[in-house]
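Written below as structure tokens is the structure these notes are about.
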Amino acid sequence: MTKDYIWWKDATVYQIWPASYKDSNGDGVGDIPGIISTLDYVKSLGTDVIWLSPMYDSPQDDMGYDISNYEKVYPKYGTLEDMDKLIEGTHKRGMKLILDLVINHTSTEHDWFKQSRSSKTDPKRDWYIWKPARYDAEGNRHPPNNWVSHFSGSAWAYDETTDEYYLHLFAESQPDLNWENEETRKAIYKSALSFWFEKGIDGFRIDTAGMYSKVQSFPDAPIVFPDSEWQPCQKYFQNGPRIHEFHKEMFASVTSKYDTMTVGEVGHSPREDSLKYVSAKEKEMNMMFLFDAVEVGSNPSDRFIYDGYKLTDFKNAVQNQSSFIEGTDAWSTVFYENHDQPRSITRFGNDSTKYRVKSGKLLALLQSTLSGTLYIYQGQEIGMTNLPRSWSIDEYLDINTINYYKEFKAKYGDNKEKMDKLMDNITLLARDHARSPVQWDDSENAGFSTGKPWMRVNDNYKEINVASQVTDPNSLFSFWKQSLKIRKEYKDLLIYGSFKILDKENQKIFTYVKEAAGQRAYIVLNFTSESLKFENLDGGKLELVHSNVNVEDESTLSPYEGRFYLIK
């Protein structure tokens with residue numbers, strides 16, 4: 001029986017964050033012509049799909065996730081004509097292009113919201129979520145409930161024009177759309193989806209895909225943080241009562257009409273709830289991001305509370321991602337970086353000069369041998385790292401980091417130990433680490449721009465850059481390229497195969513077996529800076545296929561060494 005291969009299952013996806021990717025005109029901000037100029041480079045890595053983060057018109061309060069017009073391009077990034085050229089150039093090279101779909105909220109600058117806030121009787125009033133104030137015994141005005149925003153503070157903003165509050169689960173400038181209104185949904189489908197499908201794009205990464213349906217009674221959330229007025233409220237908007245109805249409608253109305261790929265950012269849910277989104281028979285989305293690995297060691301309710309992790313925790317996270325689709329008709333994803341996550345070498349490897357490249361290759365070997373659609377984030381292929389600890393908070397530009405720091409400082413500013421610990425955690429976990437400009441060469445501004453970059457370039461750009469790696473057979477870029485080629489060569493085994501950990505309790509070495517159609521792979525990864533004894537835990541005859549070093553002594557695993565064997 002011939003295996004039914006689907007392009008989006010076999011794909012390696014390369015994510016581009018436009019502001020920090022490549023600036024073509026010297027204004028310090030990346031742009032679409034800059035992206036077009038690097039398409040051959042992206043193709044040469046082994047990429048099948050480009051995922052372009054929001055490039056829509058926007059005031060940029062949240063780096064484009066606050067959209068003021070779905071059918072226009074942010075002027076600093078380019079024009080609709082530039083997008084046409086990007087779509088054409090991507091397709092010409094045999095790649096596909098997916099965009100970000102941000103439809104839980106818009107910007108306050110969107111015409112829909114401007115009309116909605118203009119009066120209580122405006123036809124678009126009900127396109128957003130408006131509620132009257134609550135008043136205490138003294139007559140003081142309060143928001144409708146105690147929900148906290150993802151970016152700190154109340155999830156409600158007061159609007160004087162109509163003396164009511166609107167819901168914003170993110171920034172105050174990002175009002176949530178009211179998905180209960182059918183007219184609103186139809187307008188979203190037409191403006192945010194159909195417009196771009198008709199231009200020829202191949203799918204979407206769906207932002208906050210589990211959040212559109214809110215519990216309509218909007219009750220107070222339980223008190224989790226007694227010293228805070230605002231409380232986590234996920235239970236009232238995550239996997240809400242009508243969320244699957246909405247996704248099925250979106251699929252039936254729009255996405256089913258095209259040969260398309262959809263990947264959802266759903267967030268945290270029990271496995272049975274998550275599978276409802278991505279089971280093929282449900283007809284909602286193709287796959288979703290599982291955050292187990294990228295969030296290991298972090299407190300799920302607060303990204304800057306960090307307790308660290310053991311290798312066994314990381315193994316459990318990889319296990320959860322790998323077993324997610326077992327026995328189902330669903331599909332999954334593999335990723336260790338994106339625009340919201342720190343750099344993987346700093347987070348999971350070793351970003352010292354001695355081990356940076358080797359541990360980067362170790363992580364590439366891990367990712368390229370796991371089942372699901374593989375995602376690589378810009379700069380990951382050359383081993384870009386987190387920003388230095390020596391940088392002050394003033395260098396950080398992300399709204400999430402800035403708001404958190406301000407609130408924390410207001411509470412603990414006199415406590416040096418607490419403030420230092422927060423800066424340690426920001427240096428490890430902030431979203432800003434993924435957003436520093438891509439390091440193209442060792443010239444000024446790392447070849448990203450001829451003007452002053454919108455965000456400071458990482459200090460290590462002279463050591464880590466594209467130009468120094470593309471022609472070096474021993475570089476991390478070359479290793480990624482080779483790994484992606486091998487991944488395709490053994491795709492039944494690596495992309496589709498089952499996954500089993502052999503040394504669950506080992507805190508230094510990660511060993512697992514992949515299996516498919518009678519073929520078996522044995523992968524062993526040393527996650528320490530020590531030389532360790534290599535053991536064949538399977539017992540079968542091993543044939544080396546791929547490794548991040550030239551293996552001279554098979555009995556010893558050198559620091560951060562990884563190997564991929566076939567079991568004969």
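Here's how to read the names in the structure tokens: chain A, B, ... by the order shown, residue numbers from 1 in each chain, ligand numbers from 1 in the order shown.
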- Task: Identify, on the basis of only C-alpha atoms, every residue whose closest approach to Ile129 (chain A) does not exceed 7 Å; exclude the query and any residue fewer than 6 positions from it along the same chain; express the result as a ChimeraX atom specification.
- Result: /A:166-167,176-178
Any chance you could export the current selection's C-alpha atoms as a PDB file, in the first residue's frame?
```
ATOM      1  CA  TYR A 166     -14.250  46.802  26.416  1.00  0.00           C
ATOM      2  CA  LEU A 167     -12.485  43.465  26.860  1.00  0.00           C
ATOM      3  CA  ASP A 176     -11.283  41.350  21.595  1.00  0.00           C
ATOM      4  CA  LEU A 177     -13.705  40.730  18.740  1.00  0.00           C
ATOM      5  CA  ASN A 178     -17.153  39.404  19.628  1.00  0.00           C
TER       6      ASN A 178
END
```
Ile399 (chain A) surroundings by only C-alpha atoms, 7 Å radius, close-in-sequence under 3 positions cut, as an mmCIF file with all heavy atoms, in the first residue's frame:
```cif
data_model
loop_
_atom_site.group_PDB
_atom_site.id
_atom_site.type_symbol
_atom_site.label_atom_id
_atom_site.label_comp_id
_atom_site.auth_asym_id
_atom_site.auth_seq_id
_atom_site.Cartn_x
_atom_site.Cartn_y
_atom_site.Cartn_z
ATOM 1 N N ASP A 62 1.987 45.902 19.590
ATOM 2 C CA ASP A 62 2.405 44.532 19.916
ATOM 3 C C ASP A 62 3.005 43.880 18.667
ATOM 4 O O ASP A 62 2.638 42.785 18.273
ATOM 5 C CB ASP A 62 1.211 43.721 20.443
ATOM 6 C CG ASP A 62 1.618 42.314 20.891
ATOM 7 O OD1 ASP A 62 2.795 42.117 21.247
ATOM 8 O OD2 ASP A 62 0.748 41.416 20.877
ATOM 9 N N ILE A 402 8.399 44.666 29.299
ATOM 10 C CA ILE A 402 8.412 46.015 29.894
ATOM 11 C C ILE A 402 7.336 46.153 30.965
ATOM 12 O O ILE A 402 7.595 46.624 32.076
ATOM 13 C CB ILE A 402 8.217 47.083 28.793
ATOM 14 C CG1 ILE A 402 9.417 47.102 27.844
ATOM 15 C CG2 ILE A 402 8.002 48.465 29.405
ATOM 16 C CD1 ILE A 402 9.168 47.858 26.548
ATOM 17 N N ASN A 403 6.100 45.723 30.651
ATOM 18 C CA ASN A 403 5.007 45.839 31.619
ATOM 19 C C ASN A 403 5.286 45.019 32.874
ATOM 20 O O ASN A 403 5.036 45.453 33.996
ATOM 21 C CB ASN A 403 3.685 45.381 30.993
ATOM 22 C CG ASN A 403 3.127 46.397 30.013
ATOM 23 O OD1 ASN A 403 3.716 47.454 29.807
ATOM 24 N ND2 ASN A 403 2.004 46.077 29.401
#
```
- Query: Using only C-alpha atoms, which of A:Lys199, A:Lys421, A:His247, A:Lys508 sits nearest Leu80 (chain A)?
  - Reply: A:Lys199
- Query: Pick the closest to Asp302 (chain A) from A:His91, A:His168, A:Lys76, A:His150: which is it, counting only C-alpha atoms?
  - Reply: A:His150
- Message: So that I can check the secondary structure, give me every residue of region 298-336 of chain A assigned strand (DSSP E or B) by backbone DSSP, as a ChimeraX atom specification.
- Response: /A:298-299,302-306,333-334
Those same residues, written as a short mmCIF file (atom, residue, chain, number, x, y, z; two decimals), in the first residue's frame with C-alpha atoms?
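Result file follows (result.cif):
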```cif
data_model
loop_
_atom_site.label_atom_id
_atom_site.label_comp_id
_atom_site.auth_asym_id
_atom_site.auth_seq_id
_atom_site.Cartn_x
_atom_site.Cartn_y
_atom_site.Cartn_z
CA SER A 298 8.66 27.84 33.69
CA ASN A 299 5.58 28.46 35.80
CA ASP A 302 3.86 33.39 34.94
CA ARG A 303 6.65 33.04 32.37
CA PHE A 304 9.16 34.97 34.50
CA ILE A 305 8.84 32.65 37.49
CA TYR A 306 11.45 30.06 36.60
CA THR A 333 4.50 19.91 15.28
CA VAL A 334 8.16 20.09 16.29
#
```
- Message: Applying 10 Å and only C-alpha atoms, which residues near region 379-386 of chain A remain after dropping the ones on its own chain fewer than 5 positions away? List them as a PyMOL selection string.
- Response: chain A and resi 14-16+21+45+336-338+342-347+350-352+356-361+364+427-440+458+460-461+463-470+475-481
- Check the smallest atom-to-atom distance from each of A:Asp538, A:Glu326, A:Asp472, A:Glu444 to Ser498 (chain A) using only C-alpha atoms, then report the winner. A:Glu326
- Task: Check the DSSP output for the backbone and give back, as number ranges by chain, the residues of region 130-289 of chain A in alpha helix (DSSP H).
- Result: A: 182-188, 195-199, 243-253, 271-278
- Neighbours of Trp156 (chain A) within 10 Å (only C-alpha atoms; same-chain residues fewer than 6 positions away dropped), as a list in words?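 What passes the distance filter is Ile129, Trp130, Lys131, Ala133, His142, Pro143, Pro144, Asn145, Asn146, Trp147, Val148, Ser149, Glu164, Tyr165, Tyr166, Leu167, His168, Leu169, Phe170, Ala171, Glu172 and Pro175 of chain A.
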What are the closest atom pairs, with distances in Å to one decimal, for each residue of region 284-400 of chain A lying within 9 Å of region 450-456 of chain A, using only C-alpha atoms, rows by chain and rising residue number, as a tab-separated table?
```
residue	atom	partner	partner_atom	distance
A:Glu395	CA	A:Arg456	CA	7.2
A:Tyr396	CA	A:Met455	CA	8.4
A:Leu397	CA	A:Met455	CA	7.6
```
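Note that CA of Thr471 (chain A) and CA of Leu365 (chain A) are 20.1 Å apart.
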- Message: Could you list, as a ChimeraX atom specification, every residue within 9 Å of Glu295 (chain A), counting only C-alpha atoms and ignoring same-chain residues fewer than 5 positions away?
- Response: /A:300,303,317,341
